[in-house]
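Structure file data-v7.cif (mmCIF, C-alpha atoms, pLDDT in the B column; chains and numbers go by the auth columns) is printed below.
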data_query
#
loop_
_atom_site.group_PDB
_atom_site.id
_atom_site.type_symbol
_atom_site.label_atom_id
_atom_site.label_comp_id
_atom_site.label_asym_id
_atom_site.label_seq_id
_atom_site.Cartn_x
_atom_site.Cartn_y
_atom_site.Cartn_z
_atom_site.B_iso_or_equiv
_atom_site.auth_seq_id
_atom_site.auth_asym_id
ATOM 1 C CA MET A 1 -83.130 -35.230 -23.515 89.00 1 A
ATOM 2 C CA PHE A 2 -83.077 -31.552 -22.613 96.00 2 A
ATOM 3 C CA THR A 3 -81.156 -28.732 -24.242 97.00 3 A
ATOM 4 C CA LEU A 4 -79.879 -25.845 -22.138 98.00 4 A
ATOM 5 C CA GLN A 5 -82.702 -23.705 -23.535 98.00 5 A
ATOM 6 C CA GLN A 6 -85.293 -26.264 -22.399 98.00 6 A
ATOM 7 C CA ILE A 7 -83.707 -26.527 -18.945 98.00 7 A
ATOM 8 C CA ILE A 8 -83.754 -22.752 -18.544 98.00 8 A
ATOM 9 C CA LYS A 9 -87.358 -22.506 -19.802 98.00 9 A
ATOM 10 C CA GLU A 10 -88.530 -25.218 -17.380 98.00 10 A
ATOM 11 C CA ALA A 11 -86.711 -23.569 -14.457 98.00 11 A
ATOM 12 C CA ASP A 12 -88.237 -20.194 -15.360 98.00 12 A
ATOM 13 C CA VAL A 13 -91.729 -21.707 -15.318 98.00 13 A
ATOM 14 C CA ARG A 14 -91.128 -23.313 -11.924 98.00 14 A
ATOM 15 C CA VAL A 15 -89.361 -20.296 -10.385 98.00 15 A
ATOM 16 C CA PRO A 16 -90.241 -17.034 -12.189 98.00 16 A
ATOM 17 C CA ASN A 17 -87.228 -14.758 -11.877 98.00 17 A
ATOM 18 C CA PRO A 18 -85.436 -11.634 -13.156 98.00 18 A
ATOM 19 C CA PHE A 19 -82.098 -13.303 -13.978 98.00 19 A
ATOM 20 C CA ASP A 20 -80.686 -13.166 -17.497 98.00 20 A
ATOM 21 C CA ILE A 21 -79.533 -16.059 -19.678 98.00 21 A
ATOM 22 C CA ALA A 22 -75.852 -15.350 -18.962 98.00 22 A
ATOM 23 C CA GLN A 23 -76.370 -15.852 -15.215 98.00 23 A
ATOM 24 C CA LYS A 24 -78.311 -19.072 -15.786 98.00 24 A
ATOM 25 C CA ILE A 25 -75.620 -20.418 -18.134 98.00 25 A
ATOM 26 C CA SER A 26 -73.019 -19.611 -15.468 98.00 26 A
ATOM 27 C CA TRP A 27 -75.051 -21.626 -12.950 98.00 27 A
ATOM 28 C CA LEU A 28 -75.472 -24.482 -15.440 98.00 28 A
ATOM 29 C CA ASN A 29 -71.690 -24.619 -15.876 97.00 29 A
ATOM 30 C CA GLU A 30 -71.343 -24.924 -12.093 97.00 30 A
ATOM 31 C CA ILE A 31 -74.029 -27.607 -12.006 97.00 31 A
ATOM 32 C CA ASN A 32 -72.337 -29.587 -14.778 96.00 32 A
ATOM 33 C CA VAL A 33 -68.996 -29.631 -12.945 94.00 33 A
ATOM 34 C CA GLU A 34 -70.725 -30.432 -9.645 95.00 34 A
ATOM 35 C CA PHE A 35 -72.577 -33.380 -11.181 96.00 35 A
ATOM 36 C CA PHE A 36 -69.330 -35.096 -12.206 92.00 36 A
ATOM 37 C CA GLU A 37 -67.597 -34.289 -8.914 90.00 37 A
ATOM 38 C CA ILE A 38 -70.399 -36.031 -7.017 92.00 38 A
ATOM 39 C CA VAL A 39 -71.418 -38.771 -9.452 93.00 39 A
ATOM 40 C CA ARG A 40 -68.475 -41.016 -10.230 88.00 40 A
ATOM 41 C CA ILE A 41 -69.270 -42.427 -13.661 89.00 41 A
ATOM 42 C CA PRO A 42 -66.709 -45.175 -14.281 89.00 42 A
ATOM 43 C CA LYS A 43 -65.043 -45.572 -17.646 90.00 43 A
ATOM 44 C CA VAL A 44 -62.465 -48.038 -18.915 92.00 44 A
ATOM 45 C CA PHE A 45 -59.870 -47.332 -21.597 95.00 45 A
ATOM 46 C CA ARG A 46 -58.028 -50.229 -23.228 95.00 46 A
ATOM 47 C CA PHE A 47 -54.868 -49.938 -25.271 95.00 47 A
ATOM 48 C CA MET A 48 -51.938 -52.067 -26.393 95.00 48 A
ATOM 49 C CA ILE A 49 -48.560 -51.734 -24.726 93.00 49 A
ATOM 50 C CA THR A 50 -45.352 -52.724 -26.443 92.00 50 A
ATOM 51 C CA GLY A 51 -42.514 -54.502 -24.682 90.00 51 A
ATOM 52 C CA GLY A 52 -39.600 -52.095 -24.244 92.00 52 A
ATOM 53 C CA THR A 53 -41.788 -48.961 -24.468 94.00 53 A
ATOM 54 C CA ASP A 54 -42.645 -47.033 -21.317 94.00 54 A
ATOM 55 C CA THR A 55 -44.505 -43.960 -22.630 96.00 55 A
ATOM 56 C CA TYR A 56 -47.967 -43.907 -24.253 96.00 56 A
ATOM 57 C CA SER A 57 -50.246 -41.133 -25.514 96.00 57 A
ATOM 58 C CA LEU A 58 -53.708 -41.055 -23.961 96.00 58 A
ATOM 59 C CA PRO A 59 -56.868 -39.206 -24.991 94.00 59 A
ATOM 60 C CA SER A 60 -57.418 -35.789 -23.387 89.00 60 A
ATOM 61 C CA THR A 61 -60.563 -37.088 -21.669 87.00 61 A
ATOM 62 C CA ILE A 62 -58.396 -39.049 -19.225 92.00 62 A
ATOM 63 C CA ARG A 63 -56.985 -36.839 -16.467 91.00 63 A
ATOM 64 C CA SER A 64 -54.483 -38.060 -13.881 92.00 64 A
ATOM 65 C CA HIS A 65 -56.682 -37.225 -10.871 89.00 65 A
ATOM 66 C CA ALA A 66 -59.576 -39.251 -12.336 90.00 66 A
ATOM 67 C CA ILE A 67 -57.614 -42.491 -12.810 93.00 67 A
ATOM 68 C CA GLU A 68 -58.616 -45.271 -10.421 90.00 68 A
ATOM 69 C CA ASN A 69 -56.085 -47.879 -11.607 92.00 69 A
ATOM 70 C CA VAL A 70 -53.741 -48.925 -14.398 95.00 70 A
ATOM 71 C CA ARG A 71 -52.960 -52.556 -15.149 93.00 71 A
ATOM 72 C CA ASN A 72 -51.755 -54.889 -17.856 89.00 72 A
ATOM 73 C CA GLN A 73 -52.421 -58.590 -17.642 80.00 73 A
ATOM 74 C CA SER A 74 -51.811 -59.314 -13.962 78.00 74 A
ATOM 75 C CA VAL A 75 -49.512 -56.340 -13.307 88.00 75 A
ATOM 76 C CA MET A 76 -50.990 -53.446 -11.301 92.00 76 A
ATOM 77 C CA TYR A 77 -49.413 -50.000 -11.395 93.00 77 A
ATOM 78 C CA GLU A 78 -49.733 -47.472 -8.565 92.00 78 A
ATOM 79 C CA SER A 79 -49.929 -43.710 -9.013 92.00 79 A
ATOM 80 C CA ILE A 80 -46.647 -42.038 -8.167 89.00 80 A
ATOM 81 C CA GLN A 81 -48.573 -38.734 -8.260 86.00 81 A
ATOM 82 C CA TYR A 82 -51.275 -39.598 -5.728 85.00 82 A
ATOM 83 C CA GLU A 83 -50.019 -42.591 -3.737 85.00 83 A
ATOM 84 C CA LYS A 84 -46.956 -43.379 -1.674 87.00 84 A
ATOM 85 C CA VAL A 85 -45.306 -46.014 -3.847 86.00 85 A
ATOM 86 C CA GLN A 86 -43.025 -48.402 -1.999 87.00 86 A
ATOM 87 C CA PRO A 87 -39.588 -49.145 -3.502 88.00 87 A
ATOM 88 C CA GLY A 88 -39.709 -52.012 -5.977 87.00 88 A
ATOM 89 C CA ARG A 89 -43.396 -51.457 -6.831 90.00 89 A
ATOM 90 C CA ASN A 90 -44.765 -50.695 -10.304 92.00 90 A
ATOM 91 C CA TYR A 91 -45.991 -47.153 -10.834 93.00 91 A
ATOM 92 C CA TRP A 92 -47.548 -44.880 -13.434 94.00 92 A
ATOM 93 C CA ASN A 93 -47.385 -41.145 -14.071 94.00 93 A
ATOM 94 C CA LEU A 94 -49.635 -39.119 -16.398 96.00 94 A
ATOM 95 C CA ASP A 95 -48.550 -35.673 -17.540 96.00 95 A
ATOM 96 C CA ASP A 96 -51.892 -33.861 -17.942 93.00 96 A
ATOM 97 C CA ASP A 97 -50.302 -31.238 -20.212 95.00 97 A
ATOM 98 C CA THR A 98 -48.925 -33.682 -22.792 96.00 98 A
ATOM 99 C CA GLN A 99 -51.256 -36.639 -22.081 96.00 99 A
ATOM 100 C CA GLN A 100 -48.196 -38.892 -21.878 97.00 100 A
ATOM 101 C CA LEU A 101 -48.562 -41.923 -19.595 96.00 101 A
ATOM 102 C CA THR A 102 -45.315 -43.387 -18.293 95.00 102 A
ATOM 103 C CA LEU A 103 -45.147 -46.911 -16.847 95.00 103 A
ATOM 104 C CA PHE A 104 -42.294 -48.035 -14.602 93.00 104 A
ATOM 105 C CA PRO A 105 -40.740 -50.437 -14.874 92.00 105 A
ATOM 106 C CA ARG A 106 -40.948 -50.466 -18.631 89.00 106 A
ATOM 107 C CA PRO A 107 -43.231 -53.317 -19.827 90.00 107 A
ATOM 108 C CA THR A 108 -41.291 -56.255 -21.229 89.00 108 A
ATOM 109 C CA VAL A 109 -44.044 -57.909 -23.296 90.00 109 A
ATOM 110 C CA ASN A 110 -46.732 -56.835 -25.739 92.00 110 A
ATOM 111 C CA ALA A 111 -50.090 -56.892 -23.939 93.00 111 A
ATOM 112 C CA GLU A 112 -53.363 -55.108 -23.449 95.00 112 A
ATOM 113 C CA ALA A 113 -53.394 -52.437 -20.742 94.00 113 A
ATOM 114 C CA ILE A 114 -56.512 -51.188 -18.997 95.00 114 A
ATOM 115 C CA ILE A 115 -57.078 -47.838 -17.324 95.00 115 A
ATOM 116 C CA SER A 116 -60.111 -47.459 -15.067 92.00 116 A
ATOM 117 C CA TYR A 117 -61.063 -43.826 -14.559 92.00 117 A
ATOM 118 C CA ARG A 118 -63.948 -41.486 -13.723 90.00 118 A
ATOM 119 C CA LYS A 119 -65.641 -39.466 -16.439 89.00 119 A
ATOM 120 C CA LYS A 120 -65.090 -35.731 -16.124 85.00 120 A
ATOM 121 C CA THR A 121 -66.848 -32.941 -17.935 85.00 121 A
ATOM 122 C CA GLU A 122 -64.941 -31.053 -20.597 79.00 122 A
ATOM 123 C CA SER A 123 -67.782 -28.694 -21.561 89.00 123 A
ATOM 124 C CA THR A 124 -68.163 -24.996 -20.930 94.00 124 A
ATOM 125 C CA TYR A 125 -71.630 -23.845 -21.885 97.00 125 A
ATOM 126 C CA LEU A 126 -72.052 -20.543 -23.731 97.00 126 A
ATOM 127 C CA THR A 127 -75.001 -18.211 -24.150 96.00 127 A
ATOM 128 C CA SER A 128 -74.419 -18.449 -27.904 97.00 128 A
ATOM 129 C CA ASP A 129 -75.271 -22.192 -27.952 97.00 129 A
ATOM 130 C CA LEU A 130 -78.442 -22.892 -26.009 97.00 130 A
ATOM 131 C CA SER A 131 -79.005 -26.031 -28.101 97.00 131 A
ATOM 132 C CA ALA A 132 -76.145 -27.764 -26.235 96.00 132 A
ATOM 133 C CA LYS A 133 -77.070 -30.676 -24.000 95.00 133 A
ATOM 134 C CA PRO A 134 -75.752 -31.507 -20.521 95.00 134 A
ATOM 135 C CA ASP A 135 -72.817 -33.910 -20.329 92.00 135 A
ATOM 136 C CA ALA A 136 -74.663 -36.073 -17.803 93.00 136 A
ATOM 137 C CA PRO A 137 -76.505 -39.168 -19.031 93.00 137 A
ATOM 138 C CA ILE A 138 -79.942 -38.322 -20.474 94.00 138 A
ATOM 139 C CA GLU A 139 -81.859 -39.816 -17.572 93.00 139 A
ATOM 140 C CA PHE A 140 -80.226 -37.292 -15.227 95.00 140 A
ATOM 141 C CA HIS A 141 -80.844 -34.133 -17.248 96.00 141 A
ATOM 142 C CA TRP A 142 -83.816 -33.485 -14.941 97.00 142 A
ATOM 143 C CA ALA A 143 -81.312 -32.965 -12.118 97.00 143 A
ATOM 144 C CA TYR A 144 -80.004 -29.887 -13.953 98.00 144 A
ATOM 145 C CA ILE A 145 -83.490 -28.350 -13.855 98.00 145 A
ATOM 146 C CA LEU A 146 -83.786 -29.004 -10.125 98.00 146 A
ATOM 147 C CA ALA A 147 -80.319 -27.580 -9.443 98.00 147 A
ATOM 148 C CA LEU A 148 -81.013 -24.483 -11.552 98.00 148 A
ATOM 149 C CA CYS A 149 -84.309 -23.944 -9.704 98.00 149 A
ATOM 150 C CA GLU A 150 -82.398 -24.236 -6.429 98.00 150 A
ATOM 151 C CA ARG A 151 -79.857 -21.614 -7.477 98.00 151 A
ATOM 152 C CA ILE A 152 -82.535 -19.235 -8.756 98.00 152 A
ATOM 153 C CA ALA A 153 -84.578 -19.542 -5.550 98.00 153 A
ATOM 154 C CA LYS A 154 -81.454 -19.105 -3.428 98.00 154 A
ATOM 155 C CA ALA A 155 -80.461 -15.968 -5.375 98.00 155 A
ATOM 156 C CA MET A 156 -83.976 -14.597 -4.771 98.00 156 A
ATOM 157 C CA ASN A 157 -83.600 -15.334 -1.029 98.00 157 A
ATOM 158 C CA ASP A 158 -86.493 -17.797 -1.093 98.00 158 A
ATOM 159 C CA VAL A 159 -84.874 -20.217 1.342 98.00 159 A
ATOM 160 C CA PRO A 160 -87.801 -22.654 1.738 98.00 160 A
ATOM 161 C CA LEU A 161 -88.182 -23.031 -2.043 98.00 161 A
ATOM 162 C CA ALA A 162 -84.393 -23.329 -2.500 98.00 162 A
ATOM 163 C CA ASN A 163 -84.300 -26.046 0.165 98.00 163 A
ATOM 164 C CA ASN A 164 -87.118 -27.986 -1.528 98.00 164 A
ATOM 165 C CA TYR A 165 -85.296 -27.953 -4.863 98.00 165 A
ATOM 166 C CA ALA A 166 -81.978 -28.743 -3.143 98.00 166 A
ATOM 167 C CA ASN A 167 -83.516 -31.842 -1.554 98.00 167 A
ATOM 168 C CA ASP A 168 -84.947 -32.995 -4.890 98.00 168 A
ATOM 169 C CA TYR A 169 -81.618 -32.308 -6.623 98.00 169 A
ATOM 170 C CA ARG A 170 -79.651 -34.223 -3.979 97.00 170 A
ATOM 171 C CA GLY A 171 -82.102 -37.104 -4.421 97.00 171 A
ATOM 172 C CA GLN A 172 -81.346 -37.200 -8.155 96.00 172 A
ATOM 173 C CA LEU A 173 -77.597 -37.121 -7.432 96.00 173 A
ATOM 174 C CA SER A 174 -78.018 -40.023 -4.993 95.00 174 A
ATOM 175 C CA LEU A 175 -79.866 -42.024 -7.644 94.00 175 A
ATOM 176 C CA ALA A 176 -77.101 -41.314 -10.153 93.00 176 A
ATOM 177 C CA GLN A 177 -74.406 -42.298 -7.647 92.00 177 A
ATOM 178 C CA GLU A 178 -76.176 -45.573 -6.911 91.00 178 A
ATOM 179 C CA ARG A 179 -76.651 -46.338 -10.593 90.00 179 A
ATOM 180 C CA TYR A 180 -72.968 -45.952 -11.418 85.00 180 A
ATOM 181 C CA LYS A 181 -71.596 -47.507 -8.244 79.00 181 A
ATOM 182 C CA ASN A 182 -70.458 -50.792 -9.832 60.00 182 A
ATOM 183 C CA ARG A 183 -70.536 -50.140 -13.564 60.00 183 A
ATOM 184 C CA SER A 184 -67.936 -49.307 -16.161 49.00 184 A
ATOM 185 C CA GLU A 185 -68.057 -48.223 -19.768 51.00 185 A
ATOM 186 C CA VAL A 186 -65.306 -49.506 -22.053 49.00 186 A
ATOM 187 C CA THR A 187 -63.604 -47.195 -24.572 52.00 187 A
ATOM 188 C CA GLY A 188 -60.358 -47.099 -26.481 51.00 188 A
ATOM 189 C CA GLY A 189 -58.117 -49.416 -28.320 48.00 189 A
ATOM 190 C CA GLY A 190 -55.261 -48.935 -30.672 42.00 190 A
ATOM 191 C CA VAL A 191 -53.263 -46.347 -28.705 43.00 191 A
ATOM 192 C CA ASN A 192 -49.567 -47.040 -28.931 39.00 192 A
ATOM 193 C CA GLY A 193 -46.465 -45.252 -27.634 39.00 193 A
#
Have the structure of the file written as structure tokens, please.
Amino acid sequence: MFTLQQIIKEADVRVPNPFDIAQKISWLNEINVEFFEIVRIPKVFRFMITGGTDTYSLPSTIRSHAIENVRNQSVMYESIQYEKVQPGRNYWNLDDDTQQLTLFPRPTVNAEAIISYRKKTESTYLTSDLSAKPDAPIEFHWAYILALCERIAKAMNDVPLANNYANDYRGQLSLAQERYKNRSEVTGGGVNG
């Protein structure tokens, strides 16, 4: 498990450079966002719905654009925000500002609901906290070193070196994508309207 300080130190050893910590933290923030845009780490959130209630509070880690599906028992809900929902079909809507999920039609029975979604990063790294760790799973922290080396080399106009690190970084991203292709991590429980 690497801290940001360790990632920066390792990148500096591999690609000696004149860039300051602030620039490297800026690149690490870009890398962190990029990792989760490319690697779709599935998550599952379970909660109880109550018959007669259509609105439920969700954790801030679940964003509408990251939701793959919403279902309860055998009922599937479609996204009215991102899909063309045919008349008479069940749909969901998540207000990202209030974290309120609305189900239509309103559920009629008490049951467990399941939301499948993709993990997104919530972190913004700061120069004042170099002990922070990447949001990616530990086994993919090495990818952050490779990506930082790529950005440093690119900024120094060392195209061949940047391309070498880019290839290694893309290889790590491919491994991460393959690993999470058919997996899900279950969270949640106890959220009510």
Next item on the list: Counting all atoms listed in the file, figure out which residue out of A:Val85, A:Ile21, A:Ala11, A:Leu94 gets nearest to A:Ala153.
Entry: A:Ala11
Next item on the list: Find the distance between atom CA of A:Thr121 and atom CA of A:Tyr82 and write it in Å to one decimal.
Entry: 20.9 Å
Next item on the list: Output the residue selection produced by the PyMOL selection byres ((chain A and resi 73) around 9) on the file above, formatted as a ChimeraX atom specification.
Entry: /A:71-72,74-76,111-114
Note to self: Evaluated on this file, the PyMOL selection byres ((chain A and resi 30-40) around 8) picks out some residues - which ones are they, written as a PyMOL selection string?
What the structure shows: chain A and resi 26-29+41-42+118-121+134-136+144+147-148+173+176-177+180-181
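With only C-alpha atoms as the atoms that count, the minimum distance from A:Asp97 to the choices A:Ile80, A:Glu68, A:Arg151, A:Pro59 is reached by A:Pro59.
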Checklist line | Picked residues, the PyMOL selection byres ((chain A and resi 8) around 10), expected as a ChimeraX atom specification | finding: /A:2-7,9-14,21,24-25,28,130,144-145,148-149
Next item on the list: Work out how far apart atom CA of A:Arg89 and atom CA of A:Leu103 are and give it in Å to one decimal.
Entry: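 Taking atom CA of A:Arg89 and atom CA of A:Leu103, their separation equals 11.1 Å.
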Next item on the list: Rank A:Met1, A:His141, A:Asn157, A:Ala22 by their smallest atom-to-atom distance to A:Ser128, using all atoms listed in the file, and report the top residue only.
Entry: A:Ala22
Notebook entry, point to check: What's the 9 Å shell around A:Thr53, counting all atoms listed in the file, without same-chain residues fewer than 6 positions away, as a list in words?
Noted result: Leu103, Arg106, Pro107, Thr108 and Gly193 of chain A
Next item on the list: May I have the residues at most 7 Å from (-49.9, -44.3, -12.1) in the file's coordinates, counting only C-alpha atoms, as a list in words?
Entry: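 The residues near that point, listed by chain and number, are Val70, Tyr77, Glu78, Ser79, Ile80, Gln81, Tyr91, Trp92, Asn93 and Leu94 of chain A.
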Note to self: I'd like the interatomic distance between atom CA of A:Ile49 and atom CA of A:Thr61, to a tenth of an Å.
What the structure shows: 19.2 Å
Next item on the list: Point out the residue among A:Ala66, A:Ser123, A:Gln172, A:Asp158 with the least atom-to-atom distance to A:Phe140, counting only C-alpha atoms.
Entry: A:Gln172
Next item on the list: Considering only C-alpha atoms, state which residue in the set A:Leu101, A:Leu175, A:Ala166, A:Leu146 is at the smallest distance from A:Tyr56.
Entry: A:Leu101
6 Å per side around stretch 8-24 of chain A: axis-aligned box centre and edge lengths, as AutoDock Vina command-line options:
--center_x -83.8 --center_y -18.4 --center_z -15.1 --size_x 27.9 --size_y 25.6 --size_z 21.4
For A:Ile67: contacts at 8 Å, only C-alpha atoms, fewer than 6 positions along chain excluded, given as a PDB file with C-alpha atoms, in the coordinates of the input:
ATOM      1  CA  ILE A 115     -57.078 -47.838 -17.324  1.00 95.00           C
ATOM      2  CA  SER A 116     -60.111 -47.459 -15.067  1.00 92.00           C
ATOM      3  CA  TYR A 117     -61.063 -43.826 -14.559  1.00 92.00           C
ATOM      4  CA  ARG A 118     -63.948 -41.486 -13.723  1.00 90.00           C
TER       5      ARG A 118
END
